[in-house]
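Structure file coords_23.cif (mmCIF, C-alpha atoms) is printed below.
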data_input
#
loop_
_atom_site.label_atom_id
_atom_site.label_comp_id
_atom_site.auth_asym_id
_atom_site.auth_seq_id
_atom_site.Cartn_x
_atom_site.Cartn_y
_atom_site.Cartn_z
CA MET A 1 0.00 0.00 0.00
CA VAL A 2 2.85 2.39 0.78
CA ALA A 3 4.46 1.66 -2.59
CA ASN A 4 1.20 2.22 -4.46
CA VAL A 5 0.45 5.45 -2.62
CA CYS A 6 3.94 6.68 -3.53
CA SER A 7 3.34 5.83 -7.16
CA TYR A 8 0.07 7.76 -7.25
CA ALA A 9 1.70 10.69 -5.44
CA ILE A 10 4.00 11.22 -8.43
CA HIS A 11 1.04 11.50 -10.80
CA LEU A 12 -1.09 13.69 -8.56
CA THR A 13 1.64 16.17 -7.63
CA ALA A 14 3.10 16.37 -11.13
CA SER A 15 -0.26 16.98 -12.78
CA ARG A 16 -1.42 19.50 -10.19
CA TRP A 17 1.60 21.70 -9.55
CA TRP A 18 4.66 21.26 -11.71
CA LEU A 19 3.90 20.03 -15.24
CA ASP A 20 1.50 21.22 -17.89
CA THR A 21 -0.70 18.63 -19.58
CA ALA A 22 1.75 17.95 -22.43
CA GLU A 23 4.72 17.52 -20.09
CA TYR A 24 2.70 15.35 -17.73
CA SER A 25 1.69 13.03 -20.56
CA GLU A 26 5.38 12.55 -21.40
CA LEU A 27 6.18 11.69 -17.78
CA ALA A 28 3.25 9.26 -17.53
CA VAL A 29 4.13 7.51 -20.79
CA GLY A 30 7.77 7.24 -19.66
CA LEU A 31 6.71 5.55 -16.42
CA SER A 32 4.50 3.13 -18.37
CA ALA A 33 7.34 2.31 -20.76
CA MET A 34 9.53 1.45 -17.77
CA LEU A 35 6.73 -0.76 -16.45
CA VAL A 36 6.89 -2.94 -19.57
CA LEU A 37 10.57 -3.70 -18.99
CA THR A 38 9.96 -4.51 -15.31
CA VAL A 39 8.24 -7.71 -16.46
CA ALA A 40 11.62 -9.43 -16.18
CA ALA A 41 11.96 -8.23 -12.58
CA LEU A 42 8.54 -9.61 -11.65
CA ALA A 43 9.28 -12.91 -13.36
CA LEU A 44 12.72 -13.19 -11.77
CA GLN A 45 11.25 -12.58 -8.33
CA ALA A 46 8.77 -15.44 -8.84
CA VAL A 47 11.42 -17.82 -10.18
CA VAL A 48 13.92 -16.98 -7.43
CA ALA A 49 11.29 -17.40 -4.70
CA ARG A 50 10.37 -20.82 -6.12
CA ALA A 51 14.05 -21.80 -6.33
CA VAL A 52 14.65 -20.78 -2.71
CA VAL A 53 11.70 -22.88 -1.55
CA ARG A 54 13.20 -25.84 -3.44
CA ARG A 55 16.56 -25.20 -1.74
CA ALA A 56 18.44 -24.35 -4.92
CA ASP A 57 22.11 -23.39 -4.66
CA PRO A 58 22.40 -19.66 -3.80
CA ASP A 59 25.35 -19.41 -6.19
CA ARG A 60 23.12 -20.59 -9.01
CA ILE A 61 20.42 -18.13 -7.98
CA ARG A 62 22.96 -15.30 -8.11
CA ARG A 63 24.25 -16.46 -11.50
CA VAL A 64 20.79 -16.51 -13.07
CA SER A 65 19.99 -13.14 -11.48
CA VAL A 66 23.13 -11.61 -12.99
CA GLN A 67 22.38 -13.14 -16.39
CA THR A 68 18.83 -11.78 -16.32
CA THR A 69 20.06 -8.33 -15.30
CA LEU A 70 22.59 -8.26 -18.14
CA LEU A 71 19.89 -9.32 -20.59
CA VAL A 72 17.66 -6.48 -19.40
CA CYS A 73 20.58 -4.06 -19.90
CA LEU A 74 20.79 -5.24 -23.50
CA LEU A 75 17.04 -4.82 -23.94
CA VAL A 76 17.25 -1.24 -22.68
CA VAL A 77 19.91 -0.41 -25.27
CA VAL A 78 17.95 -2.06 -28.08
CA ALA A 79 14.51 -0.75 -27.07
CA THR A 80 15.27 2.91 -26.39
CA ALA A 81 15.09 4.22 -29.95
CA PRO A 82 12.02 2.17 -31.03
CA THR A 83 10.20 3.09 -27.82
CA ALA A 84 10.92 6.78 -28.39
CA TRP A 85 9.51 6.50 -31.91
CA VAL A 86 6.37 4.55 -30.93
CA THR A 87 5.53 6.79 -27.98
CA SER A 88 6.51 10.10 -29.65
CA MET A 89 8.88 10.91 -26.77
CA GLY A 90 12.37 12.32 -26.91
CA VAL A 91 15.22 9.83 -26.86
CA ASP A 92 16.61 11.44 -23.70
CA THR A 93 13.30 11.05 -21.86
CA THR A 94 12.93 7.47 -23.06
CA ALA A 95 16.46 6.57 -21.98
CA ALA A 96 15.87 8.16 -18.57
CA ALA A 97 12.72 6.07 -18.17
CA LEU A 98 14.24 2.75 -19.20
CA VAL A 99 17.62 3.00 -17.50
CA ALA A 100 16.10 1.96 -14.16
CA ALA A 101 14.89 -1.42 -15.51
CA PRO A 102 18.14 -3.38 -14.81
CA LEU A 103 18.23 -1.99 -11.28
CA LEU A 104 14.65 -3.07 -10.74
CA THR A 105 15.67 -6.56 -11.89
CA VAL A 106 18.28 -6.66 -9.14
CA ILE A 107 15.60 -5.58 -6.68
CA GLY A 108 13.28 -8.32 -7.95
CA ALA A 109 15.93 -10.98 -7.33
CA GLY A 110 16.51 -9.77 -3.77
CA GLN A 111 12.81 -9.63 -3.01
CA GLY A 112 12.46 -13.17 -4.38
CA VAL A 113 15.06 -14.42 -1.90
CA LEU A 114 13.23 -12.81 1.01
CA GLN A 115 9.87 -14.10 -0.22
CA GLY A 116 11.16 -17.65 -0.69
CA HIS A 117 12.52 -17.71 2.87
CA SER A 118 9.18 -16.35 4.19
CA HIS A 119 10.77 -13.21 5.62
CA PHE A 120 7.50 -11.37 5.10
CA ARG A 121 8.03 -8.72 7.76
CA LEU A 122 11.40 -7.77 6.29
CA LEU A 123 9.98 -8.01 2.77
CA GLY A 124 7.20 -5.62 3.76
CA TRP A 125 9.70 -3.05 4.97
CA VAL A 126 11.77 -3.53 1.81
CA LEU A 127 8.76 -2.99 -0.44
CA ALA A 128 7.86 0.19 1.43
CA ALA A 129 11.46 1.45 1.31
CA VAL A 130 11.73 0.77 -2.42
CA GLY A 131 8.47 2.64 -3.01
CA VAL A 132 9.67 5.69 -1.08
CA LEU A 133 13.14 5.69 -2.66
CA ARG A 134 11.64 5.48 -6.15
CA THR A 135 9.22 8.34 -5.46
CA VAL A 136 10.92 11.01 -3.35
CA PRO A 137 13.69 11.84 -5.91
CA VAL A 138 11.11 12.23 -8.70
CA ILE A 139 8.93 14.60 -6.69
CA ALA A 140 11.99 16.52 -5.46
CA ALA A 141 13.28 16.93 -9.02
CA LEU A 142 9.90 18.17 -10.21
CA ALA A 143 9.68 20.61 -7.31
CA LEU A 144 13.09 21.99 -8.29
CA GLY A 145 11.91 22.64 -11.84
CA ALA A 146 13.12 19.54 -13.68
CA GLY A 147 11.16 18.35 -16.69
CA PRO A 148 10.02 14.79 -17.40
CA ALA A 149 13.51 13.58 -18.40
CA GLY A 150 15.17 15.04 -15.31
CA ALA A 151 12.48 13.64 -13.01
CA LEU A 152 12.78 10.15 -14.52
CA LEU A 153 16.57 10.26 -14.22
CA ALA A 154 16.27 11.29 -10.58
CA GLY A 155 13.94 8.36 -10.07
CA ALA A 156 16.57 6.03 -11.55
CA GLY A 157 19.02 7.35 -8.97
CA GLY A 158 16.54 6.51 -6.23
CA VAL A 159 16.13 3.00 -7.66
CA ALA A 160 19.91 2.55 -7.49
CA VAL A 161 19.85 3.38 -3.78
CA ALA A 162 16.88 1.03 -3.35
CA ALA A 163 18.85 -1.80 -4.99
CA VAL A 164 21.63 -1.34 -2.44
CA VAL A 165 19.06 -1.41 0.38
CA VAL A 166 17.54 -4.66 -0.92
CA LEU A 167 20.91 -6.37 -1.27
CA ALA A 168 21.79 -5.28 2.27
CA ALA A 169 18.49 -6.70 3.53
CA VAL A 170 19.20 -10.05 1.87
CA ARG A 171 22.66 -10.14 3.42
CA THR A 172 21.22 -9.22 6.81
CA ALA A 173 18.76 -12.10 6.53
CA GLY A 174 21.78 -14.42 6.32
CA HIS A 175 20.86 -16.65 3.36
CA THR A 176 23.98 -16.47 1.21
CA ARG A 177 25.59 -19.90 1.77
CA SER A 178 25.21 -22.82 -0.59
CA SER A 179 22.69 -25.54 0.20
CA ALA A 180 24.06 -29.07 0.44
CA HIS A 181 20.71 -30.76 -0.16
CA ALA A 182 18.71 -29.29 -3.02
CA GLY A 183 15.03 -30.12 -3.09
CA PRO A 184 12.99 -31.57 -5.97
CA GLY A 185 12.69 -29.20 -8.92
CA ALA A 186 15.62 -27.05 -7.76
CA ALA A 187 17.33 -27.60 -11.11
CA ASP A 188 14.52 -25.72 -12.87
CA LEU A 189 16.39 -22.44 -12.57
CA ASP A 190 17.77 -20.82 -15.71
CA LEU A 191 17.05 -18.04 -18.16
CA PHE A 192 14.43 -20.18 -19.87
CA ALA A 193 12.53 -20.51 -16.60
CA VAL A 194 12.58 -16.72 -16.24
CA ALA A 195 11.47 -16.33 -19.86
CA ARG A 196 8.53 -18.68 -19.38
CA ALA A 197 7.48 -16.84 -16.25
CA SER A 198 7.75 -13.55 -18.13
CA GLY A 199 5.21 -14.53 -20.78
CA VAL A 200 2.04 -14.13 -18.75
CA GLN A 201 3.42 -11.13 -16.85
CA LEU A 202 4.23 -9.41 -20.14
CA VAL A 203 0.84 -9.81 -21.76
CA LEU A 204 -0.86 -8.48 -18.61
CA VAL A 205 1.41 -5.44 -18.41
CA VAL A 206 1.03 -4.71 -22.12
CA ALA A 207 -2.75 -5.04 -21.93
CA ALA A 208 -2.82 -2.62 -19.00
CA SER A 209 -0.47 -0.07 -20.61
CA ILE A 210 -0.89 -0.11 -24.38
CA ASP A 211 -3.57 2.58 -24.54
CA LEU A 212 -1.47 5.00 -22.49
CA LEU A 213 1.69 4.16 -24.42
CA LEU A 214 -0.04 5.02 -27.70
CA SER A 215 -1.93 8.04 -26.37
CA ARG A 216 0.72 10.53 -27.50
CA THR A 217 0.65 8.99 -30.97
CA VAL A 218 -3.07 9.48 -31.61
CA LEU A 219 -3.93 12.42 -29.33
CA THR A 220 -2.69 15.98 -29.05
CA PRO A 221 -0.14 16.51 -26.26
CA GLU A 222 -2.79 18.27 -24.16
CA ASP A 223 -5.38 15.51 -24.64
CA ALA A 224 -2.72 12.88 -23.93
CA GLY A 225 -2.03 14.59 -20.61
CA ILE A 226 -5.73 14.55 -19.74
CA TYR A 227 -5.91 10.87 -20.69
CA ALA A 228 -2.85 10.10 -18.55
CA LEU A 229 -4.56 11.52 -15.47
CA GLY A 230 -7.70 9.50 -16.19
CA ALA A 231 -5.51 6.40 -16.44
CA ILE A 232 -4.74 6.77 -12.72
CA ALA A 233 -8.29 5.56 -12.06
CA THR A 234 -7.52 2.54 -14.26
CA LYS A 235 -4.39 1.76 -12.25
CA VAL A 236 -6.23 2.08 -8.92
CA ALA A 237 -9.01 -0.27 -10.00
CA PHE A 238 -6.44 -2.68 -11.45
CA TRP A 239 -4.02 -2.90 -8.53
CA LEU A 240 -6.36 -2.52 -5.53
CA PRO A 241 -7.80 -6.10 -5.69
CA GLN A 242 -4.39 -7.69 -6.33
CA ALA A 243 -4.37 -9.39 -2.92
CA VAL A 244 -7.48 -11.38 -3.90
CA GLY A 245 -5.44 -13.48 -6.31
CA VAL A 246 -2.80 -14.08 -3.65
CA VAL A 247 -5.39 -15.33 -1.16
CA PHE A 248 -7.16 -17.59 -3.66
CA TYR A 249 -4.01 -18.96 -5.32
CA PRO A 250 -3.77 -22.19 -3.28
CA GLY A 251 -7.35 -23.03 -4.19
CA LEU A 252 -6.72 -22.19 -7.84
CA ALA A 253 -3.77 -24.62 -7.87
CA ASP A 254 -5.75 -27.46 -6.28
CA PRO A 255 -7.59 -29.49 -8.96
CA ALA A 256 -10.33 -30.28 -6.45
CA THR A 257 -11.18 -26.62 -5.85
CA SER A 258 -9.79 -24.71 -8.84
CA ARG A 259 -13.13 -24.12 -10.57
CA ARG A 260 -14.88 -23.03 -7.37
CA SER A 261 -11.93 -20.82 -6.38
CA LEU A 262 -11.82 -19.16 -9.81
CA MET A 263 -15.53 -18.35 -9.65
CA ALA A 264 -15.19 -17.00 -6.12
CA ALA A 265 -12.10 -14.90 -6.91
CA VAL A 266 -13.68 -13.42 -10.03
CA GLY A 267 -16.82 -12.64 -8.04
CA VAL A 268 -14.89 -10.79 -5.33
CA VAL A 269 -12.80 -8.83 -7.83
CA ALA A 270 -15.88 -7.97 -9.89
CA ALA A 271 -17.67 -6.68 -6.78
CA ILE A 272 -14.70 -4.48 -5.86
CA GLY A 273 -14.55 -3.24 -9.45
CA ALA A 274 -18.23 -2.34 -9.47
CA ILE A 275 -17.82 -0.29 -6.29
CA LEU A 276 -14.76 1.50 -7.68
CA THR A 277 -16.49 2.22 -10.99
CA LEU A 278 -19.47 3.71 -9.20
CA GLY A 279 -17.17 5.70 -6.92
CA ALA A 280 -15.23 7.07 -9.89
CA GLY A 281 -18.49 8.17 -11.50
CA LEU A 282 -19.47 10.05 -8.36
CA ALA A 283 -15.97 11.53 -7.92
CA GLY A 284 -15.67 12.76 -11.52
CA PRO A 285 -16.85 16.34 -10.77
CA LEU A 286 -14.08 16.69 -8.15
CA VAL A 287 -11.25 16.26 -10.69
CA PRO A 288 -11.06 19.90 -11.89
CA VAL A 289 -11.39 21.06 -8.28
CA LEU A 290 -8.69 18.83 -6.80
CA VAL A 291 -6.30 19.00 -9.75
CA ARG A 292 -6.80 21.76 -12.33
CA PRO A 293 -9.65 23.02 -14.55
CA ASP A 294 -7.64 21.74 -17.54
CA TYR A 295 -8.87 18.23 -16.69
CA GLU A 296 -12.58 19.12 -16.97
CA PRO A 297 -13.08 16.62 -19.86
CA LEU A 298 -12.57 13.74 -17.39
CA VAL A 299 -15.68 14.60 -15.37
CA PRO A 300 -18.21 12.52 -17.38
CA ILE A 301 -15.87 9.63 -18.27
CA LEU A 302 -13.76 8.96 -15.17
CA TRP A 303 -15.96 5.93 -14.46
CA LEU A 304 -14.94 4.44 -17.81
CA PHE A 305 -11.27 4.41 -16.78
CA ALA A 306 -12.15 2.70 -13.49
CA TYR A 307 -14.27 0.15 -15.36
CA THR A 308 -11.29 -0.68 -17.60
CA GLY A 309 -9.11 -1.24 -14.53
CA ALA A 310 -11.78 -3.48 -12.99
CA MET A 311 -11.89 -5.68 -16.10
CA LEU A 312 -8.10 -5.85 -16.16
CA ALA A 313 -8.20 -7.02 -12.53
CA ILE A 314 -10.53 -9.85 -13.54
CA LEU A 315 -8.15 -10.69 -16.39
CA GLN A 316 -5.31 -10.83 -13.88
CA VAL A 317 -7.18 -13.41 -11.78
CA ALA A 318 -7.97 -15.49 -14.87
CA LEU A 319 -4.33 -15.49 -15.98
CA LEU A 320 -3.21 -16.30 -12.44
CA SER A 321 -5.53 -19.31 -12.54
CA ALA A 322 -3.91 -20.36 -15.82
CA ILE A 323 -0.47 -20.20 -14.21
CA ALA A 324 -1.69 -22.25 -11.26
CA ARG A 325 -3.02 -24.92 -13.63
CA SER A 326 0.07 -24.85 -15.91
CA ALA A 327 -2.20 -23.77 -18.76
CA THR A 328 -0.48 -20.54 -19.76
CA ALA A 329 -1.26 -21.04 -23.45
CA VAL A 330 -4.58 -19.34 -22.75
CA SER A 331 -2.67 -16.04 -22.58
CA ALA A 332 -2.66 -16.16 -26.41
CA VAL A 333 -6.23 -14.88 -26.26
CA THR A 334 -5.07 -11.67 -24.60
CA TRP A 335 -2.30 -11.23 -27.17
CA VAL A 336 -4.89 -11.42 -29.95
CA VAL A 337 -7.11 -8.87 -28.20
CA VAL A 338 -4.15 -6.52 -27.68
CA ALA A 339 -3.20 -6.80 -31.36
CA VAL A 340 -6.75 -5.86 -32.40
CA GLU A 341 -6.75 -3.01 -29.87
CA VAL A 342 -3.52 -1.58 -31.28
CA ALA A 343 -4.87 -1.78 -34.83
CA VAL A 344 -8.05 0.08 -33.85
CA ILE A 345 -6.15 2.74 -31.90
CA VAL A 346 -3.68 3.61 -34.65
CA THR A 347 -6.25 3.56 -37.47
CA VAL A 348 -9.52 4.81 -35.97
CA VAL A 349 -9.07 6.55 -32.63
CA ASP A 350 -8.76 10.34 -32.67
CA GLY A 351 -10.08 11.50 -29.30
CA ILE A 352 -10.06 10.85 -25.54
CA ILE A 353 -13.47 9.17 -25.40
CA ALA A 354 -12.70 6.93 -28.39
CA LEU A 355 -9.40 5.83 -26.86
CA ALA A 356 -10.94 5.16 -23.44
CA SER A 357 -13.82 3.22 -25.01
CA THR A 358 -11.43 1.11 -27.09
CA ALA A 359 -9.38 0.23 -24.02
CA ALA A 360 -12.54 -0.66 -22.08
CA LEU A 361 -13.87 -2.94 -24.82
CA ALA A 362 -10.50 -4.67 -25.20
CA ALA A 363 -10.20 -5.27 -21.45
CA THR A 364 -13.74 -6.65 -21.34
CA GLY A 365 -13.14 -9.00 -24.27
CA ALA A 366 -9.89 -10.36 -22.85
CA ALA A 367 -11.23 -10.76 -19.31
CA VAL A 368 -14.50 -12.47 -20.25
CA THR A 369 -12.96 -14.79 -22.85
CA THR A 370 -10.04 -15.87 -20.64
CA THR A 371 -12.30 -16.44 -17.64
CA VAL A 372 -14.82 -18.49 -19.64
CA LEU A 373 -12.05 -20.61 -21.15
CA GLY A 374 -10.60 -21.19 -17.68
CA LEU A 375 -13.97 -22.27 -16.27
CA ARG A 376 -14.60 -24.59 -19.21
CA ARG A 377 -11.22 -26.26 -18.89
CA THR A 378 -11.57 -26.78 -15.14
CA ARG A 379 -15.08 -28.16 -15.68
CA ALA A 380 -13.82 -30.53 -18.37
CA ARG A 381 -11.07 -31.71 -16.04
CA ASP A 382 -13.59 -32.22 -13.23
CA ASP A 383 -15.75 -34.32 -15.54
CA VAL A 384 -12.76 -36.49 -16.48
CA VAL A 385 -11.85 -36.99 -12.83
CA ALA A 386 -15.44 -37.81 -11.95
CA ALA A 387 -15.69 -40.37 -14.75
CA ALA A 388 -12.46 -42.05 -13.64
CA THR A 389 -13.55 -42.25 -10.01
CA PRO A 390 -15.23 -45.57 -9.10
CA GLU A 391 -18.74 -45.48 -7.67
#
Can you turn what I pasted into structure tokens?
Amino acid sequence: MVANVCSYAIHLTASRWWLDTAEYSELAVGLSAMLVLTVAALALQAVVARAVVRRADPDRIRRVSVQTTLLVCLLVVVATAPTAWVTSMGVDTTAAALVAAPLLTVIGAGQGVLQGHSHFRLLGWVLAAVGVLRTVPVIAALALGAGPAGALLAGAGGVAVAAVVVLAAVRTAGHTRSSAHAGPGAADLDLFAVARASGVQLVLVVAASIDLLLSRTVLTPEDAGIYALGAIATKVAFWLPQAVGVVFYPGLADPATSRRSLMAAVGVVAAIGAILTLGAGLAGPLVPVLVRPDYEPLVPILWLFAYTGAMLAILQVALLSAIARSATAVSAVTWVVVAVEVAVIVTVVDGIIALASTAALAATGAAVTTTVLGLRRTRARDDVVAAATPE
């Protein structure tokens, strides 16, 4: 919660006090571009945590972590120019946004070690510290008059400090010696394991970010800034129910309860999403009062952004269920939906409402289709099990 509040603080303070709408859109798109490259960090954290539970050799964990970090460094070099072109940002701003990705990968590896050893209290403090260290330099730079590029570069400096803090926390926890008795499955630790874990994470991040990433391509700078502020409601509705998937995950992974758990998790997330969508609709008139009159166009459509985030949260649960059942091929559905969404955005969309509506329809299509496929597959598996069970 601390980390998420810090993230929203950047958007709220930047849009209200220090950046005009065009500058704010550049900052928001830069942060979203960085989010795409943090997929490797999220995947590495999951793989490292699993390896720790299986008592894999710490030396091997470090080796794979270093290899993944170096690969992300290469991706940053290769992706900077194309990302600048696609998002209509300057190369300097794009580079400042992406340079933090390798450092975040290091952080992901450290957090995975703490998570695997069940050091949840220490992990909680680390997550909060990382959130603060990533946020304070950005806000300070903006307050001192820096533009989007300077603020993003300051944020990268804060991430570097956060990486040192995480590594120190891992060392303090005292889990750096090799294990003499590796558990079953401990050998499943290499770059391919990280790549496989990245697949589902990537499609979810892309689905949640593609409209904002393309906003500066199809909208005026001012409209893109307005859209970027509306996208905060999407992020809130998307991330707020994240703990639901964590709580239901054991049930999703159990063949005996996976179908029931998926239905229950989707129901809870949908209920939260409905409340947030309604709340966003009621809060719409407050936007020009709390931020600036420039954002008046968001008043009647803020609910649409929250609705998109709610559908993305349902999609997240459905994809989490697929991971639990080792049925990640279902993520291909979301890739198809994203491809159609991109085609519509670049060929048809020319305004804020059209872009928001396209994102909402795409999120709905991906969430409903993936959930239905998941329920059908778990039902088919239940039928097979029931038929094989003697009377």
How would you write, as a list in words, the residues chosen by the PyMOL selection byres ((chain A and resi 31) around 10) on this structure?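 Going through the file, the PyMOL selection byres ((chain A and resi 31) around 10) ends up selecting Ser7, His11, Ser25, Glu26, Leu27, Ala28, Val29, Gly30, Ser32, Ala33, Met34, Leu35, Val36, Thr94, Ala96, Ala97, Leu98, Pro148, Leu152 and Leu213 of chain A.
Every residue within 6 Å of the file position (-7.9, -26.0, -14.9), judged by only C-alpha atoms, is given as Arg325, Arg377 and Thr378 of chain A.
The shortest atom-to-atom distance to A:Arg60, with only C-alpha atoms taken into account, belongs to A:Asp190 out of A:Glu341, A:Asp20, A:Asp190, A:Asp350.
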Go through stretch 65-131 of chain A and flag each residue having an atom no more than 6 Å from stretch 45-51 of chain A; for those, report the closest pair of atoms plus their distance in Å to one decimal, using only C-alpha atoms, ordered by chain and rising number, as a tab-separated table.
residue	atom	partner	partner_atom	distance
A:Gly108	CA	A:Gln45	CA	4.7
A:Ala109	CA	A:Gln45	CA	5.0
A:Gly112	CA	A:Gln45	CA	4.2
A:Val113	CA	A:Ala49	CA	5.6
A:Gln115	CA	A:Ala49	CA	5.7
A:Gly116	CA	A:Ala49	CA	4.0
Put those residues in a file: C-alpha atoms, as a PDB file, keeping the file's coordinate frame.
ATOM      1  CA  GLY A 108      13.280  -8.320  -7.950  1.00  0.00           C
ATOM      2  CA  ALA A 109      15.930 -10.980  -7.330  1.00  0.00           C
ATOM      3  CA  GLY A 112      12.460 -13.170  -4.380  1.00  0.00           C
ATOM      4  CA  VAL A 113      15.060 -14.420  -1.900  1.00  0.00           C
ATOM      5  CA  GLN A 115       9.870 -14.100  -0.220  1.00  0.00           C
ATOM      6  CA  GLY A 116      11.160 -17.650  -0.690  1.00  0.00           C
TER       7      GLY A 116
END
May I have the residues within 7 Å of A:Gly225 as a ChimeraX atom specification, using only C-alpha atoms and disregarding those fewer than 4 positions away in the same chain? /A:21-22,24-25,221,229
Please determine, counting all atoms listed in the file, which residue among A:Arg376, A:Arg121, A:Arg260, A:Arg216 has the shortest atom-to-atom distance to A:Gly90. A:Arg216
For the file shown, what are the residues hit by the PyMOL selection byres ((chain A and resi 352-366) around 6), laid out as a ChimeraX atom specification? /A:308,311-312,334,349,351,367-370
Would you work out the distance separating atom CA of A:Leu320 from atom CA of A:Asp211, expressed in Å to one decimal?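 If I compute the distance from atom CA of A:Leu320 to atom CA of A:Asp211, I get 22.4 Å.
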Got a minute to add N, CA and C atoms to stretch 204-223 of chain A and dump it as a compact mmCIF listing (two decimals), in the coordinates of the input?
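That gives us part-v1.txt:
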# COMPACT_ATOMS: atom_id res chain seq x y z
N LEU A 204 -0.02 -9.24 -19.54
CA LEU A 204 -0.86 -8.48 -18.61
C LEU A 204 -0.42 -7.03 -18.55
N VAL A 205 0.90 -6.81 -18.46
CA VAL A 205 1.41 -5.44 -18.41
C VAL A 205 1.12 -4.69 -19.70
N VAL A 206 1.30 -5.36 -20.83
CA VAL A 206 1.03 -4.71 -22.12
C VAL A 206 -0.45 -4.37 -22.24
N ALA A 207 -1.32 -5.30 -21.86
CA ALA A 207 -2.75 -5.04 -21.93
C ALA A 207 -3.15 -3.86 -21.06
N ALA A 208 -2.48 -3.70 -19.93
CA ALA A 208 -2.82 -2.62 -19.00
C ALA A 208 -2.18 -1.29 -19.37
N SER A 209 -1.23 -1.30 -20.32
CA SER A 209 -0.47 -0.07 -20.61
C SER A 209 -0.56 0.41 -22.04
N ILE A 210 -1.03 -0.43 -22.96
CA ILE A 210 -0.89 -0.11 -24.38
C ILE A 210 -1.65 1.15 -24.77
N ASP A 211 -2.81 1.39 -24.18
CA ASP A 211 -3.57 2.58 -24.54
C ASP A 211 -2.82 3.85 -24.13
N LEU A 212 -2.22 3.84 -22.94
CA LEU A 212 -1.47 5.00 -22.49
C LEU A 212 -0.19 5.18 -23.30
N LEU A 213 0.46 4.07 -23.63
CA LEU A 213 1.69 4.16 -24.42
C LEU A 213 1.44 4.77 -25.79
N LEU A 214 0.28 4.50 -26.37
CA LEU A 214 -0.04 5.02 -27.70
C LEU A 214 -0.80 6.34 -27.67
N SER A 215 -1.11 6.83 -26.47
CA SER A 215 -1.93 8.04 -26.37
C SER A 215 -1.28 9.25 -27.03
N ARG A 216 0.04 9.38 -26.90
CA ARG A 216 0.72 10.53 -27.50
C ARG A 216 0.84 10.40 -29.02
N THR A 217 0.59 9.20 -29.53
CA THR A 217 0.65 8.99 -30.97
C THR A 217 -0.65 9.42 -31.64
N VAL A 218 -1.78 9.22 -30.97
CA VAL A 218 -3.07 9.48 -31.61
C VAL A 218 -3.79 10.71 -31.04
N LEU A 219 -3.31 11.25 -29.93
CA LEU A 219 -3.93 12.42 -29.33
C LEU A 219 -2.98 13.61 -29.37
N THR A 220 -3.54 14.79 -29.21
CA THR A 220 -2.69 15.98 -29.05
C THR A 220 -1.97 15.88 -27.71
N PRO A 221 -0.85 16.57 -27.54
CA PRO A 221 -0.14 16.51 -26.26
C PRO A 221 -1.03 16.87 -25.07
N GLU A 222 -1.92 17.86 -25.26
CA GLU A 222 -2.79 18.27 -24.16
C GLU A 222 -3.80 17.17 -23.83
N ASP A 223 -4.42 16.59 -24.87
CA ASP A 223 -5.38 15.51 -24.64
C ASP A 223 -4.70 14.28 -24.06
